[in-house]
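A.B. asks: Input file: start14.pdb. Contents: PDB, C-alpha atoms, pLDDT in the B column.
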ATOM      1  CA  MET D   1      19.199  20.832-132.902  1.00 51.00           C
ATOM      2  CA  THR D   2      22.831  21.612-133.631  1.00 54.00           C
ATOM      3  CA  ARG D   3      23.669  25.317-133.646  1.00 67.00           C
ATOM      4  CA  ASN D   4      27.439  25.578-133.746  1.00 85.00           C
ATOM      5  CA  ILE D   5      27.728  28.048-136.628  1.00 94.00           C
ATOM      6  CA  LYS D   6      27.392  31.662-135.446  1.00 95.00           C
ATOM      7  CA  TRP D   7      26.840  34.924-137.312  1.00 96.00           C
ATOM      8  CA  THR D   8      28.663  38.201-136.927  1.00 96.00           C
ATOM      9  CA  VAL D   9      27.479  41.512-138.360  1.00 96.00           C
ATOM     10  CA  GLY D  10      28.970  44.937-138.880  1.00 94.00           C
ATOM     11  CA  LEU D  11      26.556  47.791-138.225  1.00 95.00           C
ATOM     12  CA  SER D  12      26.303  51.285-139.671  1.00 94.00           C
ATOM     13  CA  ASP D  13      27.490  52.838-136.375  1.00 94.00           C
ATOM     14  CA  GLY D  14      30.801  50.955-136.719  1.00 93.00           C
ATOM     15  CA  SER D  15      30.010  48.343-134.069  1.00 94.00           C
ATOM     16  CA  ASN D  16      30.085  44.566-134.514  1.00 95.00           C
ATOM     17  CA  LYS D  17      27.603  42.121-132.997  1.00 96.00           C
ATOM     18  CA  GLN D  18      27.720  38.325-132.714  1.00 95.00           C
ATOM     19  CA  SER D  19      25.072  35.723-132.158  1.00 93.00           C
ATOM     20  CA  ASP D  20      24.966  34.217-128.674  1.00 84.00           C
ATOM     21  CA  LYS D  21      26.923  37.130-127.150  1.00 87.00           C
ATOM     22  CA  GLY D  22      25.553  39.799-124.825  1.00 86.00           C
ATOM     23  CA  GLU D  23      21.999  40.842-125.597  1.00 88.00           C
ATOM     24  CA  PHE D  24      21.879  38.408-128.541  1.00 90.00           C
ATOM     25  CA  LYS D  25      22.375  35.301-126.419  1.00 88.00           C
ATOM     26  CA  ARG D  26      20.020  32.406-127.141  1.00 87.00           C
ATOM     27  CA  VAL D  27      17.443  32.017-124.361  1.00 87.00           C
ATOM     28  CA  LYS D  28      14.789  29.318-124.572  1.00 88.00           C
ATOM     29  CA  GLY D  29      11.325  30.817-125.033  1.00 91.00           C
ATOM     30  CA  GLU D  30      12.677  34.161-126.315  1.00 90.00           C
ATOM     31  CA  LEU D  31      13.289  35.478-129.803  1.00 92.00           C
ATOM     32  CA  SER D  32      16.182  33.983-131.747  1.00 92.00           C
ATOM     33  CA  PRO D  33      19.480  35.898-131.691  1.00 94.00           C
ATOM     34  CA  TRP D  34      18.838  37.085-135.285  1.00 95.00           C
ATOM     35  CA  GLN D  35      15.351  38.344-134.404  1.00 95.00           C
ATOM     36  CA  LYS D  36      16.823  40.142-131.383  1.00 95.00           C
ATOM     37  CA  LEU D  37      19.379  41.766-133.693  1.00 96.00           C
ATOM     38  CA  LEU D  38      16.651  42.915-136.115  1.00 96.00           C
ATOM     39  CA  ASN D  39      14.743  44.512-133.220  1.00 96.00           C
ATOM     40  CA  TYR D  40      17.945  46.161-131.963  1.00 96.00           C
ATOM     41  CA  ILE D  41      18.856  47.719-135.323  1.00 96.00           C
ATOM     42  CA  ASP D  42      15.260  48.881-135.822  1.00 96.00           C
ATOM     43  CA  GLU D  43      15.189  50.555-132.368  1.00 96.00           C
ATOM     44  CA  LYS D  44      18.594  52.222-132.914  1.00 96.00           C
ATOM     45  CA  GLY D  45      17.940  53.201-136.558  1.00 96.00           C
ATOM     46  CA  LEU D  46      20.950  51.207-137.787  1.00 96.00           C
ATOM     47  CA  LYS D  47      21.664  49.095-140.858  1.00 94.00           C
ATOM     48  CA  ILE D  48      23.658  45.910-141.346  1.00 96.00           C
ATOM     49  CA  THR D  49      26.785  46.636-143.403  1.00 93.00           C
ATOM     50  CA  SER D  50      28.357  43.158-143.386  1.00 93.00           C
ATOM     51  CA  LEU D  51      27.438  39.591-142.513  1.00 96.00           C
ATOM     52  CA  ALA D  52      29.625  36.534-141.988  1.00 96.00           C
ATOM     53  CA  LEU D  53      29.273  33.036-140.541  1.00 97.00           C
ATOM     54  CA  PHE D  54      32.011  31.629-138.305  1.00 96.00           C
ATOM     55  CA  ILE D  55      33.137  28.742-136.108  1.00 93.00           C
ATOM     56  CA  GLU D  56      36.453  27.552-134.656  1.00 84.00           C
ATOM     57  CA  GLY D  57      38.708  29.825-136.710  1.00 87.00           C
ATOM     58  CA  LYS D  58      36.708  29.326-139.918  1.00 93.00           C
ATOM     59  CA  ARG D  59      34.836  32.215-141.482  1.00 95.00           C
ATOM     60  CA  TRP D  60      32.525  32.637-144.487  1.00 95.00           C
ATOM     61  CA  ASN D  61      32.022  36.267-145.582  1.00 92.00           C
ATOM     62  CA  LEU D  62      29.421  37.873-147.800  1.00 91.00           C
ATOM     63  CA  PRO D  63      30.347  41.024-149.747  1.00 86.00           C
ATOM     64  CA  SER D  64      30.144  44.087-147.512  1.00 85.00           C
ATOM     65  CA  LYS D  65      28.095  47.218-148.016  1.00 81.00           C
ATOM     66  CA  GLY D  66      31.061  49.592-148.003  1.00 69.00           C
ATOM     67  CA  ASN D  67      31.315  52.776-150.060  1.00 61.00           C
ATOM     68  CA  GLN D  68      34.178  51.389-152.137  1.00 61.00           C
ATOM     69  CA  PRO D  69      33.565  47.612-152.201  1.00 61.00           C
ATOM     70  CA  LYS D  70      36.517  45.569-153.404  1.00 61.00           C
ATOM     71  CA  PHE D  71      34.204  42.756-154.435  1.00 64.00           C
ATOM     72  CA  ARG D  72      31.344  43.533-156.810  1.00 61.00           C
ATOM     73  CA  ALA D  73      29.103  40.507-157.085  1.00 60.00           C
ATOM     74  CA  PHE D  74      26.839  41.832-159.821  1.00 61.00           C
ATOM     75  CA  ASP D  75      27.077  44.662-162.359  1.00 58.00           C
ATOM     76  CA  GLU D  76      23.752  46.273-161.419  1.00 59.00           C
ATOM     77  CA  ALA D  77      24.691  46.813-157.766  1.00 64.00           C
ATOM     78  CA  LYS D  78      28.006  47.727-156.175  1.00 72.00           C
ATOM     79  CA  SER D  79      27.018  46.282-152.818  1.00 79.00           C
ATOM     80  CA  PRO D  80      24.127  44.357-151.223  1.00 87.00           C
ATOM     81  CA  ASN D  81      20.864  46.159-150.426  1.00 88.00           C
ATOM     82  CA  SER D  82      20.274  44.039-147.314  1.00 92.00           C
ATOM     83  CA  TYR D  83      21.233  40.862-145.481  1.00 95.00           C
ATOM     84  CA  ARG D  84      19.436  37.879-144.012  1.00 96.00           C
ATOM     85  CA  PHE D  85      20.385  34.924-141.813  1.00 96.00           C
ATOM     86  CA  PHE D  86      18.399  31.726-141.350  1.00 95.00           C
ATOM     87  CA  ARG D  87      18.789  28.039-140.622  1.00 94.00           C
ATOM     88  CA  LYS D  88      17.587  25.122-142.731  1.00 93.00           C
ATOM     89  CA  MET D  89      17.302  21.422-142.072  1.00 90.00           C
ATOM     90  CA  GLY D  90      17.452  18.576-144.553  1.00 88.00           C
ATOM     91  CA  VAL D  91      16.273  15.091-143.699  1.00 87.00           C
ATOM     92  CA  ASP D  92      15.757  11.810-145.494  1.00 86.00           C
ATOM     93  CA  ILE D  93      12.807   9.671-144.462  1.00 87.00           C
ATOM     94  CA  LEU D  94      13.163   5.907-144.810  1.00 84.00           C
ATOM     95  CA  ASN D  95      10.218   3.698-143.831  1.00 85.00           C
ATOM     96  CA  GLY D  96       8.690   6.564-141.866  1.00 86.00           C
ATOM     97  CA  LYS D  97      11.835   7.196-139.818  1.00 85.00           C
ATOM     98  CA  LYS D  98      14.249  10.119-139.969  1.00 82.00           C
ATOM     99  CA  LYS D  99      17.600   9.286-141.481  1.00 81.00           C
ATOM    100  CA  ASP D 100      20.562  11.533-142.274  1.00 83.00           C
ATOM    101  CA  VAL D 101      19.385  14.771-140.627  1.00 88.00           C
ATOM    102  CA  GLU D 102      21.520  17.738-141.686  1.00 91.00           C
ATOM    103  CA  HIS D 103      21.484  21.301-140.314  1.00 93.00           C
ATOM    104  CA  TYR D 104      22.664  24.363-142.220  1.00 95.00           C
ATOM    105  CA  ALA D 105      23.363  27.993-141.362  1.00 95.00           C
ATOM    106  CA  VAL D 106      22.599  30.326-144.283  1.00 97.00           C
ATOM    107  CA  ALA D 107      23.806  33.896-144.821  1.00 97.00           C
ATOM    108  CA  GLU D 108      22.199  35.857-147.657  1.00 96.00           C
ATOM    109  CA  ALA D 109      23.112  39.128-149.390  1.00 93.00           C
ATOM    110  CA  GLN D 110      20.163  40.641-151.262  1.00 91.00           C
ATOM    111  CA  TYR D 111      20.781  42.687-154.404  1.00 86.00           C
ATOM    112  CA  ASN D 112      18.326  44.374-156.810  1.00 83.00           C
ATOM    113  CA  ASN D 113      17.596  41.281-158.889  1.00 84.00           C
ATOM    114  CA  LYS D 114      19.646  38.549-157.223  1.00 87.00           C
ATOM    115  CA  LYS D 115      20.471  36.921-153.923  1.00 91.00           C
ATOM    116  CA  LEU D 116      23.867  35.510-152.993  1.00 91.00           C
ATOM    117  CA  GLN D 117      23.685  32.776-150.348  1.00 95.00           C
ATOM    118  CA  ILE D 118      26.349  30.917-148.414  1.00 96.00           C
ATOM    119  CA  TRP D 119      25.203  27.592-146.935  1.00 96.00           C
ATOM    120  CA  VAL D 120      27.400  25.966-144.262  1.00 96.00           C
ATOM    121  CA  LYS D 121      26.680  22.495-142.931  1.00 94.00           C
ATOM    122  CA  ASP D 122      26.644  22.627-139.141  1.00 92.00           C
ATOM    123  CA  LYS D 123      28.894  19.604-138.701  1.00 91.00           C
ATOM    124  CA  GLU D 124      32.629  19.064-139.098  1.00 90.00           C
ATOM    125  CA  PRO D 125      34.385  19.558-141.458  1.00 92.00           C
ATOM    126  CA  TYR D 126      31.787  22.320-142.158  1.00 93.00           C
ATOM    127  CA  PRO D 127      31.445  22.022-145.944  1.00 92.00           C
ATOM    128  CA  SER D 128      29.955  25.097-147.601  1.00 95.00           C
ATOM    129  CA  TRP D 129      28.215  26.059-150.830  1.00 95.00           C
ATOM    130  CA  SER D 130      27.493  29.358-152.570  1.00 94.00           C
ATOM    131  CA  ILE D 131      24.263  29.870-154.491  1.00 92.00           C
ATOM    132  CA  VAL D 132      23.080  32.755-156.695  1.00 89.00           C
ATOM    133  CA  LEU D 133      19.311  33.086-157.009  1.00 90.00           C
ATOM    134  CA  ASN D 134      17.519  35.293-159.537  1.00 88.00           C
ATOM    135  CA  ASN D 135      14.549  37.265-158.218  1.00 77.00           C
ATOM    136  CA  LYS D 136      11.938  36.736-160.895  1.00 70.00           C
ATOM    137  CA  LYS D 137       9.152  39.263-160.971  1.00 61.00           C
ATOM    138  CA  GLY D 138       5.916  39.184-162.879  1.00 47.00           C
TER     139      GLY D 138
END
Could you render the structure as structure tokens?

C.D. replies:
Amino acid sequence: MTRNIKWTVGLSDGSNKQSDKGEFKRVKGELSPWQKLLNYIDEKGLKITSLALFIEGKRWNLPSKGNQPKFRAFDEAKSPNSYRFFRKMGVDILNGKKKDVEHYAVAEAQYNNKKLQIWVKDKEPYPSWSIVLNNKKG
């Protein structure tokens, strides 16, 4: 599986952490770098204040959780409540065989009633898409 796109986070203690660096390095048979990060912030009592995806000088940022955000995505919330990172795969099946397998890295900012996602295809030239999802309740 292709995993070229990395994440970088800002934490509430002012530090920055990156996937596949230091204690968040990918090791076969262990938790994913993102799961390691979630354990780390839980143990230290920290919060994620920013999330971005990056590769080879390219960067895709979500709005940060600062006190005075310059970017307000939605009227009901000045900044995201939380962040999530995950990977998705898309594949076409033709006559029972895989065809056109695509891998994506996804960064998500969660607001009160919406989610803002950035999807980046993990293959050059790294096309990306932004999606706003409504959280429907009831």

A.B. asks: Taking only C-alpha atoms into account, which of D:Leu37, D:Gln18, D:Lys47, D:Trp7 comes nearest Glu108 in chain D?

C.D. replies: D:Trp7

A.B. asks: Since I can't run it myself right now, could you work out what the PyMOL selection byres ((chain D and resi 80-91) around 6) selects here and report it as a list in words?

C.D. replies: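 This file, filtered by the PyMOL selection byres ((chain D and resi 80-91) around 6), leaves Lys65, Ser79, Asp92, Asp100, Val101, Glu102, His103, Tyr104, Ala105, Val106, Ala107, Glu108, Ala109, Gln110 and Tyr111 of chain D.
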
A.B. asks: Could you pull the residues within 6 Å of Ser50 in chain D, counting all atoms listed in the file, minus those fewer than 3 positions along the same chain, as an NGL selection string?

C.D. replies: :D and (9-10 or 64)

A.B. asks: If the PyMOL selection byres ((chain D and resi 12-17) around 12) is run on the structure shown, which residues does it catch, given as a PyMOL selection string?

C.D. replies: chain D and resi 6-11+18-25+33-34+36-38+40-42+44-53+64-67

A.B. asks: Hey, can you check how far CA of Asn39 in chain D sits from CA of Lys136 in chain D?

C.D. replies: 28.9 Å

A.B. asks: CA of Arg59 in chain D and CA of Gln35 in chain D, how far apart in Å?

C.D. replies: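 These two atoms are separated by 21.6 Å.
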
A.B. asks: When you draw a straight line from CA of Ile93 in chain D to CA of Lys123 in chain D, how long is it in Å?

C.D. replies: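 Those two atoms sit 19.8 Å apart.
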
A.B. asks: Write out as a compact mmCIF listing (two decimals) with C-alpha atoms, in the coordinates of the input the residues lying within 9 Å of Val132 in chain D, counting all atoms listed in the file and excluding same-chain residues fewer than 6 positions away.

C.D. replies:
# COMPACT_ATOMS: atom_id res chain seq x y z
CA LYS D 114 19.65 38.55 -157.22
CA LYS D 115 20.47 36.92 -153.92
CA LEU D 116 23.87 35.51 -152.99
CA GLN D 117 23.68 32.78 -150.35

A.B. asks: Considering only C-alpha atoms, can you say which of D:Ile55, D:Lys78, D:Leu62, D:Asn95 comes closest to Pro125 in chain D?

C.D. replies: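 That would be D:Ile55, the residue with the smallest distance to Pro125 in chain D.
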
A.B. asks: From the list D:Val120, D:Asn112, D:Glu30, D:Lys97, which residue is nearest Phe54 in chain D when using all atoms listed in the file?

C.D. replies: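 Looking only at the distances to Phe54 in chain D, the closest residue turns out to be D:Val120.
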